[in-house]
>>> print(open('target13.cif').read())   # mmCIF, C-alpha atoms
data_work
#
loop_
_atom_site.label_atom_id
_atom_site.label_comp_id
_atom_site.auth_asym_id
_atom_site.auth_seq_id
_atom_site.Cartn_x
_atom_site.Cartn_y
_atom_site.Cartn_z
CA MET A 1 333.33 422.01 238.76
CA TRP A 2 330.84 424.47 240.16
CA ARG A 3 330.05 425.56 236.67
CA VAL A 4 329.16 421.94 235.84
CA PHE A 5 327.09 421.51 238.98
CA GLU A 6 323.45 422.28 238.31
CA LEU A 7 321.33 422.89 241.37
CA GLY A 8 318.10 422.33 239.45
CA THR A 9 319.25 418.94 238.16
CA PHE A 10 320.44 418.10 241.64
CA ILE A 11 317.09 418.83 243.29
CA VAL A 12 315.03 417.38 240.45
CA SER A 13 317.11 414.20 240.58
CA ILE A 14 316.42 413.74 244.27
CA VAL A 15 312.72 414.47 243.93
CA GLY A 16 312.45 412.52 240.68
CA PHE A 17 314.21 409.51 242.08
CA LEU A 18 312.07 409.55 245.22
CA ILE A 19 308.91 409.63 243.10
CA VAL A 20 310.26 406.85 240.87
CA PHE A 21 311.21 404.92 243.99
CA TRP A 22 307.78 405.37 245.50
CA ILE A 23 306.03 404.16 242.34
CA ILE A 24 308.35 401.17 241.87
CA PHE A 25 308.10 400.38 245.56
CA HIS A 26 304.30 400.28 245.46
CA TYR A 27 303.66 398.73 242.07
CA GLY A 28 306.84 396.76 241.47
CA TYR A 29 308.37 395.73 244.76
CA LYS A 30 305.50 395.24 247.18
CA PRO A 31 303.79 392.38 245.30
CA PHE A 32 307.06 390.48 245.34
CA ALA A 33 307.63 391.21 248.99
CA ASN A 34 304.10 389.97 249.69
CA ILE A 35 304.70 386.81 247.71
CA LEU A 36 307.95 386.20 249.59
CA GLU A 37 306.21 386.83 252.89
CA LYS A 38 303.39 384.48 251.90
CA ARG A 39 305.92 381.84 250.96
CA ARG A 40 307.73 382.30 254.25
CA GLN A 41 304.44 381.89 256.10
CA TYR A 42 303.54 378.90 253.94
CA VAL A 43 306.85 377.21 254.67
CA GLU A 44 306.53 377.99 258.35
CA SER A 45 303.00 376.62 258.47
CA GLN A 46 304.15 373.52 256.61
CA ILE A 47 306.95 373.01 259.09
CA SER A 48 304.70 373.46 262.10
CA ASP A 49 302.13 371.24 260.44
CA ALA A 50 304.72 368.55 259.89
CA GLU A 51 305.86 368.89 263.48
CA ALA A 52 302.29 368.59 264.74
CA ARG A 53 301.75 365.54 262.55
CA LYS A 54 304.92 363.95 263.78
CA GLN A 55 303.80 364.59 267.35
CA GLN A 56 300.46 363.03 266.51
CA ALA A 57 302.12 360.03 264.92
CA ASP A 58 304.35 359.63 267.97
CA ASN A 59 301.31 359.76 270.20
CA VAL A 60 299.47 357.21 268.11
CA LEU A 61 302.52 354.98 268.08
CA ALA A 62 302.89 355.21 271.84
CA GLU A 63 299.19 354.50 272.23
CA ASN A 64 299.42 351.53 269.89
CA GLN A 65 302.38 350.17 271.78
CA LYS A 66 300.48 350.57 275.00
CA LEU A 67 297.46 348.82 273.53
CA LEU A 68 299.65 346.04 272.22
CA GLU A 69 301.29 345.66 275.60
CA ASP A 70 297.87 345.58 277.24
CA ALA A 71 296.61 343.01 274.78
CA ARG A 72 299.68 340.89 275.34
CA LYS A 73 299.26 341.11 279.08
CA GLN A 74 295.59 340.31 278.79
CA SER A 75 296.21 337.32 276.56
CA ARG A 76 298.83 336.06 278.95
CA GLU A 77 296.37 336.44 281.80
CA ILE A 78 293.66 334.64 279.85
CA LEU A 79 296.06 331.88 278.92
CA ASP A 80 297.28 331.53 282.48
CA GLY A 81 293.70 331.43 283.73
CA ALA A 82 292.76 328.87 281.13
CA ARG A 83 295.76 326.74 282.01
CA LEU A 84 294.88 326.95 285.68
CA ARG A 85 291.29 326.02 285.00
CA ALA A 86 292.38 323.18 282.73
CA ASP A 87 294.69 321.86 285.43
CA GLU A 88 291.90 322.01 287.92
CA HIS A 89 289.52 320.33 285.57
CA MET A 90 292.04 317.64 284.83
CA ARG A 91 292.67 317.06 288.45
CA SER A 92 288.96 316.80 289.17
CA VAL A 93 288.47 314.45 286.22
CA ILE A 94 291.33 312.30 287.40
CA GLU A 95 289.99 312.31 290.89
CA ALA A 96 286.54 311.34 289.68
CA ALA A 97 288.04 308.63 287.54
CA GLU A 98 290.10 307.32 290.42
CA LYS A 99 287.06 307.31 292.64
CA GLU A 100 285.06 305.56 289.98
CA SER A 101 287.74 303.00 289.39
CA ARG A 102 288.07 302.41 293.10
CA ARG A 103 284.33 302.02 293.30
CA LEU A 104 284.32 299.60 290.39
CA LEU A 105 287.16 297.63 291.92
CA GLU A 106 285.32 297.48 295.18
CA GLU A 107 282.18 296.33 293.47
CA ALA A 108 284.03 293.75 291.46
CA ARG A 109 285.75 292.52 294.57
CA GLU A 110 282.46 292.31 296.38
CA GLN A 111 280.92 290.45 293.49
CA ILE A 112 283.79 288.04 293.36
CA GLU A 113 283.48 287.47 297.07
CA ARG A 114 279.78 286.97 296.75
CA GLU A 115 280.13 284.56 293.86
CA ARG A 116 282.86 282.66 295.64
CA LYS A 117 280.62 282.31 298.62
CA GLU A 118 277.77 281.20 296.41
CA THR A 119 279.98 278.76 294.59
CA LEU A 120 281.33 277.42 297.84
CA GLU A 121 277.84 276.97 299.11
CA THR A 122 276.85 275.19 295.90
CA VAL A 123 279.93 273.01 296.14
CA LEU A 124 279.19 272.15 299.72
CA GLN A 125 275.63 271.31 298.84
CA THR A 126 276.75 269.17 295.91
CA ALA A 127 279.41 267.57 298.08
CA SER A 128 276.89 266.72 300.74
CA ALA A 129 274.51 265.35 298.11
CA LEU A 130 277.30 263.29 296.66
CA THR A 131 278.24 262.05 300.08
CA VAL A 132 274.67 261.02 300.57
CA GLN A 133 274.65 259.22 297.23
CA VAL A 134 277.99 257.56 297.99
CA ALA A 135 276.72 256.46 301.30
CA GLU A 136 273.58 255.14 299.69
CA LYS A 137 275.61 253.20 297.10
CA LEU A 138 277.90 251.91 299.82
CA LEU A 139 275.14 250.74 301.85
CA MET A 140 273.22 249.22 298.98
CA ASN A 141 276.07 247.31 297.31
CA HIS A 142 278.24 244.98 299.25
CA VAL A 143 281.13 246.83 299.87
CA SER A 144 284.28 245.24 298.72
CA ALA A 145 287.77 246.43 298.65
CA ALA A 146 287.66 246.76 294.90
CA VAL A 147 284.38 248.55 294.81
CA HIS A 148 285.49 250.78 297.57
CA GLU A 149 288.52 251.71 295.70
CA GLU A 150 286.50 252.34 292.58
CA LEU A 151 284.12 254.49 294.49
CA GLU A 152 286.86 256.48 296.04
CA LYS A 153 288.40 257.05 292.63
CA GLU A 154 285.10 258.19 291.24
CA ALA A 155 284.48 260.46 294.14
CA GLU A 156 287.88 261.97 293.73
CA GLU A 157 287.29 262.56 290.08
CA ARG A 158 283.91 264.07 290.66
CA LEU A 159 285.16 266.15 293.47
CA GLY A 160 288.02 267.29 291.32
CA GLU A 161 285.63 268.27 288.57
CA LEU A 162 283.45 270.08 290.99
CA VAL A 163 286.22 271.94 292.68
CA TRP A 164 287.82 273.09 289.51
CA MET B 1 331.15 417.68 225.01
CA PRO B 2 327.62 417.82 223.65
CA ALA B 3 325.16 420.43 224.88
CA PHE B 4 322.04 419.55 226.82
CA PRO B 5 318.57 421.05 226.75
CA TYR B 6 317.80 422.79 230.02
CA LEU B 7 314.81 423.94 231.98
CA PHE B 8 315.14 427.20 233.91
CA ALA B 9 318.31 428.01 232.01
CA GLY B 10 319.98 431.17 233.19
CA THR B 11 318.60 430.85 236.72
CA ILE B 12 320.27 429.09 239.63
CA PHE B 13 317.81 426.20 239.21
CA LYS B 14 319.17 425.10 235.86
CA THR B 15 317.71 421.66 235.25
CA ASN B 16 318.98 419.12 232.76
CA LEU B 17 315.89 417.97 230.90
CA ILE B 18 317.52 414.84 229.47
CA THR B 19 318.68 413.67 232.89
CA LEU B 20 315.17 414.10 234.26
CA ALA B 21 313.68 412.28 231.28
CA MET B 22 316.20 409.46 231.60
CA ILE B 23 315.48 409.09 235.32
CA ILE B 24 311.83 408.64 234.44
CA LEU B 25 312.68 406.27 231.58
CA SER B 26 314.95 404.14 233.76
CA GLY B 27 312.27 403.97 236.41
CA LEU B 28 309.73 403.03 233.78
CA VAL B 29 311.94 400.24 232.45
CA VAL B 30 312.40 398.87 235.96
CA LEU B 31 308.67 399.09 236.63
CA ILE B 32 307.76 397.40 233.34
CA VAL B 33 310.26 394.58 233.91
CA LEU B 34 308.87 394.05 237.41
CA ARG B 35 305.28 394.14 236.15
CA ILE B 36 306.09 391.60 233.43
CA ALA B 37 307.85 389.39 235.98
CA MET B 38 304.74 389.67 238.13
CA ARG B 39 302.29 388.37 235.53
CA LYS B 40 302.41 384.71 236.44
CA MET B 41 303.41 385.20 240.03
CA SER B 42 303.04 382.16 242.24
CA VAL B 43 303.80 381.38 245.87
CA ASN B 44 304.72 377.77 245.32
CA HIS B 45 305.92 377.54 241.75
CA PRO B 46 307.91 380.64 240.77
CA THR B 47 309.00 380.61 237.15
CA GLY B 48 311.21 382.55 234.78
CA MET B 49 311.43 386.22 235.57
CA GLN B 50 309.86 385.83 238.97
CA ASN B 51 312.87 383.71 239.89
CA PHE B 52 315.18 386.42 238.66
CA VAL B 53 313.45 389.17 240.65
CA GLU B 54 313.36 386.96 243.73
CA TRP B 55 317.04 386.27 243.29
CA LEU B 56 317.68 390.02 243.10
CA ILE B 57 315.64 390.61 246.26
CA ASP B 58 317.55 387.82 247.93
CA PHE B 59 320.81 389.32 246.73
CA THR B 60 319.96 392.78 248.09
CA THR B 61 318.76 391.23 251.34
CA THR B 62 322.13 389.56 251.79
CA LEU B 63 323.83 392.82 250.87
CA ALA B 64 321.76 394.72 253.44
CA ARG B 65 322.36 392.05 256.11
CA ASP B 66 326.10 392.25 255.58
CA THR B 67 326.25 396.03 255.92
CA THR B 68 323.66 396.92 258.55
CA PRO B 69 323.62 396.14 262.25
CA ASP B 70 320.12 394.75 262.82
CA ASN B 71 317.03 393.30 261.19
CA ALA B 72 314.98 396.49 261.57
CA THR B 73 317.55 398.34 259.46
CA VAL B 74 317.58 395.52 256.93
CA ARG B 75 313.82 395.86 256.59
CA PHE B 76 314.19 399.64 256.22
CA VAL B 77 317.02 399.52 253.70
CA LEU B 78 315.84 396.56 251.62
CA PRO B 79 313.28 398.37 249.40
CA PHE B 80 315.71 401.24 248.85
CA ALA B 81 318.55 398.90 248.04
CA PHE B 82 316.43 396.76 245.73
CA VAL B 83 315.04 399.70 243.77
CA MET B 84 318.42 401.48 243.77
CA ILE B 85 320.46 398.55 242.44
CA PHE B 86 317.89 397.76 239.75
CA PHE B 87 317.40 401.39 238.82
CA LEU B 88 321.13 402.13 238.64
CA PHE B 89 321.78 398.97 236.65
CA VAL B 90 319.22 400.02 234.05
CA ALA B 91 320.34 403.65 234.15
CA ASN B 92 324.03 402.76 233.69
CA TRP B 93 323.28 400.36 230.87
CA LEU B 94 321.01 402.74 228.98
CA GLY B 95 323.98 404.93 228.08
CA LEU B 96 325.94 401.86 227.00
CA ILE B 97 323.22 400.54 224.76
CA MET B 98 323.01 403.89 223.04
CA THR B 99 323.54 407.59 223.35
CA ILE B 100 321.74 409.79 220.91
CA ALA B 101 322.85 413.29 220.02
CA ILE B 102 321.16 415.43 217.45
CA HIS B 103 322.79 418.15 215.44
CA ILE B 104 321.21 421.58 215.45
CA ASN B 105 322.47 424.82 214.01
CA GLN B 106 320.24 427.39 215.62
CA PRO B 107 320.29 428.09 219.35
CA VAL B 108 316.98 427.22 221.03
CA ALA B 109 316.23 429.70 223.79
CA ALA B 110 313.28 427.71 225.16
CA TRP B 111 315.58 424.73 225.85
CA GLY B 112 318.30 426.92 227.18
CA ILE B 113 320.68 426.12 224.35
CA SER B 114 322.70 429.23 223.68
CA ALA B 115 324.88 429.96 220.68
CA ASN B 116 327.97 429.62 222.87
CA ASP B 117 326.90 426.16 224.03
CA LEU B 118 326.38 425.05 220.45
CA LEU B 119 329.76 426.37 219.47
CA GLN B 120 331.49 424.42 222.23
CA ALA B 121 329.51 421.27 221.41
CA HIS B 122 330.00 421.56 217.67
CA GLY B 123 326.25 421.75 217.32
CA GLU B 124 325.62 418.45 219.03
CA VAL B 125 322.76 418.21 221.51
CA MET B 126 322.39 415.08 223.58
CA VAL B 127 318.88 413.61 223.79
CA PHE B 128 319.49 410.06 225.04
CA ASP B 129 322.07 409.37 227.71
CA SER B 130 322.64 407.65 231.06
CA PRO B 131 321.12 409.76 233.81
CA THR B 132 324.05 408.67 235.96
CA ALA B 133 326.50 410.30 233.55
CA ASN B 134 325.41 413.58 235.06
CA MET B 135 327.34 414.74 238.10
CA SER B 136 324.50 416.72 239.63
CA MET B 137 322.26 413.71 239.42
CA THR B 138 324.66 411.27 241.11
CA LEU B 139 325.50 413.83 243.77
CA GLY B 140 321.77 414.27 244.23
CA LEU B 141 321.39 410.54 244.87
CA ALA B 142 324.37 410.55 247.20
CA VAL B 143 323.02 413.51 249.18
CA MET B 144 319.62 411.84 249.30
CA VAL B 145 321.29 408.79 250.86
CA TRP B 146 323.15 411.11 253.21
CA LEU B 147 319.89 412.78 254.25
CA ILE B 148 318.17 409.45 254.79
CA SER B 149 321.04 408.10 256.87
CA HIS B 150 321.20 411.21 259.06
CA GLY B 151 317.45 411.35 259.38
CA ARG B 152 317.58 407.80 260.63
CA GLY B 153 320.55 408.58 262.88
CA LEU B 154 318.74 411.50 264.50
CA ARG B 155 316.00 409.22 265.75
CA HIS B 156 318.53 408.39 268.46
CA PRO B 157 320.15 411.83 269.03
CA VAL B 158 322.23 410.78 272.04
CA GLN B 159 324.00 407.96 270.25
CA TYR B 160 324.19 410.09 267.12
CA LEU B 161 326.05 412.87 268.94
CA LYS B 162 328.11 410.47 271.00
CA HIS B 163 329.51 409.09 267.77
CA TYR B 164 330.93 412.53 266.87
CA GLY B 165 332.08 413.14 270.44
CA ALA B 166 334.16 409.97 270.26
CA ASN B 167 335.45 410.74 266.78
CA PRO B 168 335.41 414.43 265.76
CA MET B 169 337.12 413.57 262.49
CA GLY B 170 333.91 411.80 261.58
CA ILE B 171 332.55 415.20 260.61
CA ILE B 172 334.98 415.29 257.69
CA GLU B 173 333.68 411.90 256.64
CA GLU B 174 330.20 413.36 256.46
CA ILE B 175 331.42 415.63 253.69
CA THR B 176 333.71 413.25 251.86
CA ASN B 177 331.38 410.27 251.99
CA PRO B 178 328.53 411.71 249.91
CA LEU B 179 330.98 413.47 247.66
CA THR B 180 332.93 410.33 246.78
CA HIS B 181 329.73 408.30 246.81
CA GLY B 182 328.24 410.42 244.04
CA MET B 183 331.43 411.25 242.15
CA ARG B 184 332.49 407.63 241.90
CA LEU B 185 329.31 406.67 240.09
CA TYR B 186 329.35 409.74 237.88
CA GLY B 187 333.03 409.34 237.00
CA ASN B 188 332.75 405.71 235.99
CA ILE B 189 329.66 406.07 233.88
CA PHE B 190 330.64 409.38 232.32
CA ALA B 191 334.12 408.09 231.44
CA GLY B 192 332.60 404.99 229.89
CA GLU B 193 330.26 407.00 227.70
CA ALA B 194 332.82 409.65 226.83
CA LEU B 195 335.37 407.11 225.67
CA ILE B 196 332.74 405.27 223.61
CA GLY B 197 332.04 408.61 221.93
CA VAL B 198 335.73 409.19 221.31
CA ILE B 199 336.24 405.67 219.90
CA LEU B 200 333.23 406.05 217.64
CA SER B 201 334.61 409.26 216.23
CA MET B 202 337.94 407.63 215.42
CA PRO B 203 338.76 408.09 211.75
CA MET B 204 338.74 404.92 209.66
CA LEU B 205 342.00 403.56 208.25
CA PHE B 206 342.19 404.29 204.50
CA GLY B 207 338.71 405.64 204.84
CA PHE B 208 337.00 402.20 205.15
CA VAL B 209 338.80 399.98 207.74
CA PRO B 210 337.02 400.42 211.10
CA THR B 211 340.06 400.18 213.37
CA GLY B 212 338.01 401.50 216.27
CA ILE B 213 335.81 398.41 216.40
CA VAL B 214 338.33 396.39 218.44
CA PHE B 215 338.71 399.17 220.97
CA LEU B 216 334.96 399.63 220.99
CA ILE B 217 334.24 395.99 221.78
CA VAL B 218 336.86 395.86 224.51
CA TRP B 219 335.71 399.12 226.00
CA LEU B 220 332.02 398.18 225.79
CA LEU B 221 332.70 394.93 227.65
CA TYR B 222 334.69 396.79 230.26
CA SER B 223 332.02 399.49 230.56
CA ALA B 224 329.31 396.88 230.89
CA PHE B 225 331.27 395.36 233.73
CA VAL B 226 331.89 398.76 235.33
CA SER B 227 328.24 399.80 234.95
CA THR B 228 327.10 396.65 236.74
CA ILE B 229 329.72 396.93 239.44
CA GLN B 230 329.00 400.62 240.04
CA ALA B 231 325.30 399.92 240.54
CA TYR B 232 326.33 397.35 243.14
CA VAL B 233 328.94 399.59 244.76
CA PHE B 234 326.59 402.56 245.04
CA THR B 235 323.93 400.35 246.60
CA ILE B 236 326.23 398.63 249.07
CA LEU B 237 327.66 402.00 250.16
CA MET B 238 324.15 403.36 250.58
CA SER B 239 323.29 400.38 252.75
CA LEU B 240 326.52 400.83 254.68
CA TYR B 241 326.01 404.56 255.31
CA ILE B 242 322.45 404.04 256.48
CA GLY B 243 323.59 401.07 258.57
CA GLN B 244 326.30 403.19 260.24
CA LYS B 245 323.68 405.67 261.39
CA SER B 246 321.24 403.04 262.58
CA TYR B 247 321.33 402.79 266.33
CA GLY B 248 318.68 401.50 268.63
CA SER B 249 318.02 397.81 268.91
CA HIS B 250 321.07 395.81 269.82
CA GLY B 251 319.76 392.53 268.54
CA HIS B 252 322.11 391.40 265.82
CA HIS B 253 320.94 388.89 263.25
#
>>> encode(input="target13.cif", output="structure tokens")
Amino acid sequence: MWRVFELGTFIVSIVGFLIVFWIIFHYGYKPFANILEKRRQYVESQISDAEARKQQADNVLAENQKLLEDARKQSREILDGARLRADEHMRSVIEAAEKESRRLLEEAREQIERERKETLETVLQTASALTVQVAEKLLMNHVSAAVHEELEKEAEERLGELVW
Amino acid sequence: MPAFPYLFAGTIFKTNLITLAMIILSGLVVLIVLRIAMRKMSVNHPTGMQNFVEWLIDFTTTLARDTTPDNATVRFVLPFAFVMIFFLFVANWLGLIMTIAIHINQPVAAWGISANDLLQAHGEVMVFDSPTANMSMTLGLAVMVWLISHGRGLRHPVQYLKHYGANPMGIIEEITNPLTHGMRLYGNIFAGEALIGVILSMPMLFGFVPTGIVFLIVWLLYSAFVSTIQAYVFTILMSLYIGQKSYGSHGHH
């Protein structure tokens, strides 16, 4: 075996391989290692990017929900306010209408009263005039039972017409 | 066994020229494949060969993770493991694809080929061969791994020595580990090539029926499998030996 073993080959192999290794390492391996490293970094950056975007999306979503909630609350408030105001308005309108109707009723009643009084006055005047006429007729014509009766009937009729 | 051309023949630093050339050739093949794979390199849309190389890096990363204690060691071992597995795969397969031997009659003193060598090799001189079919070369790689692992271990001398204090038999391991580490690779690849040579030199039946072809196909398939597996085994053991000597951070992945 020691005859087969060649010290020169042994040393040259080590040195030769190390040189070959160094050259391959620099010109053959390193570019690939760099590419792999770049890819690793790329993937990592993509992942962190995606995470950041997801965080952003979550934030936006939360914000949107908050805005929506606010808007809902606001609309409810506006609606409630409007309803309240409408109620109030309605009540005031009703009140005004009631007052108006009461006023109108009062007026109408007053007018009726006034007209009744006027009518009554007119009736009384007419009645007194009639009475005067009747008396005149009575006194001018000879009053008989038949005439009297006729007169009475006439007076009744006239009176009835007047009253009604 | 064919003869080899040598540098510094006759001195203690006898160097196998073919092994050296094949180391450089294997490295060149690996480098060219990687450079071709790199041509349309893209971060987001890897295609074709880039996918293959990335798969191999991924594969060696998993291998390193499984055999080393922490991420710092994985980062340290990964380039070694990646280059080693690719380099050994190419180196092991080169000898399977072809071995070339030329026939010369005259001894060449400048290449260290003596008349005696030629006589033993029947005049055959190998010029194209797996570098890993040379024992000195695989032992060189194994000792290199051994040196790296101990160099890394000595960065934490207390833990390094404590390991031997707790287990003195571990010193024996420090001899057997690199020895088996290198010899295993050499043995497998050399046996594969040697048997291919033997099968190829089988005489034909009746002078024209190539009976050896069946054996050759079977043995080539088996050798292809062994070559691939040995590249993997050498690399995983390298990762393991360096991982064993990596102390320091306790954070496990």
>>> atom_distance(input="target13.cif", atom1="atom CA of Asn51 of chain B", atom2="atom CA of Ala64 of chain B")
19.6 Å
>>> interface_residues(input="target13.cif", of="chain A", to="chain B", cutoff="9 Å", atoms="all atoms listed in the file", output="PyMOL selection string")
chain A and resi 4-14+16-18+20-21+23-25+27-33+35-36+38-39+42
>>> atom_distance(input="target13.cif", atom1="atom CA of Ile97 of chain B", atom2="atom CA of Gly197 of chain B")
12.3 Å
>>> atom_distance(input="target13.cif", atom1="atom CA of Arg158 of chain A", atom2="atom CA of Thr126 of chain A")
10.2 Å
>>> resolve_selection(input="target13.cif", expression="the PyMOL selection byres ((chain B and resi 119-129) around 7)", output="compact mmCIF listing (two decimals) with C-alpha atoms, keeping the file's coordinate frame")
# COMPACT_ATOMS: atom_id res chain seq x y z
CA MET B 1 331.15 417.68 225.01
CA PRO B 2 327.62 417.82 223.65
CA ALA B 3 325.16 420.43 224.88
CA PHE B 4 322.04 419.55 226.82
CA ILE B 18 317.52 414.84 229.47
CA LEU B 94 321.01 402.74 228.98
CA GLY B 95 323.98 404.93 228.08
CA THR B 99 323.54 407.59 223.35
CA ILE B 100 321.74 409.79 220.91
CA ALA B 101 322.85 413.29 220.02
CA ILE B 102 321.16 415.43 217.45
CA HIS B 103 322.79 418.15 215.44
CA ILE B 104 321.21 421.58 215.45
CA ASN B 105 322.47 424.82 214.01
CA ALA B 115 324.88 429.96 220.68
CA ASN B 116 327.97 429.62 222.87
CA ASP B 117 326.90 426.16 224.03
CA LEU B 118 326.38 425.05 220.45
CA SER B 130 322.64 407.65 231.06
CA PRO B 131 321.12 409.76 233.81
>>> closest_residue(input="target13.cif", among="A:Val60, A:Ala86, A:Asp80, A:Gly160", to="Val123 of chain A", atoms="only C-alpha atoms")
A:Gly160
>>> axis_aligned_box(input="target13.cif", around="segment 136-142 of chain B", padding_each_side="6 Å", output="AutoDock Vina command-line options")
--center_x 323.4 --center_y 413.6 --center_z 243.3 --size_x 16.1 --size_y 18.2 --size_z 19.8
>>> residues_around(input="target13.cif", residues="segment 151-155 of chain B", least_positions_apart="4", cutoff="6 Å", atoms="only C-alpha atoms", output="list in words")
Leu147, Tyr160, Lys245 and Ser246 of chain B
>>> residues_around(input="target13.cif", residues="Thr131 of chain A", least_positions_apart="2", cutoff="12 Å", atoms="all atoms listed in the file", output="list of chain:residue names")
A:Val123, A:Leu124, A:Gln125, A:Thr126, A:Ala127, A:Ser128, A:Ala129, A:Gln133, A:Val134, A:Ala135, A:Glu136, A:Lys137, A:Leu138, A:Leu139, A:Leu151, A:Glu152, A:Glu154, A:Ala155, A:Glu156, A:Arg158, A:Leu159
>>> closest_residue(input="target13.cif", among="B:Tyr247, B:Thr73, B:Ile148, B:Gly182", to="Lys162 of chain B", atoms="only C-alpha atoms")
B:Tyr247
>>> residues_around(input="target13.cif", residues="Leu96 of chain B", least_positions_apart="3", cutoff="12 Å", atoms="all atoms listed in the file", output="PyMOL selection string")
chain B and resi 89-93+99-100+128-133+188-197+216-217+219-228
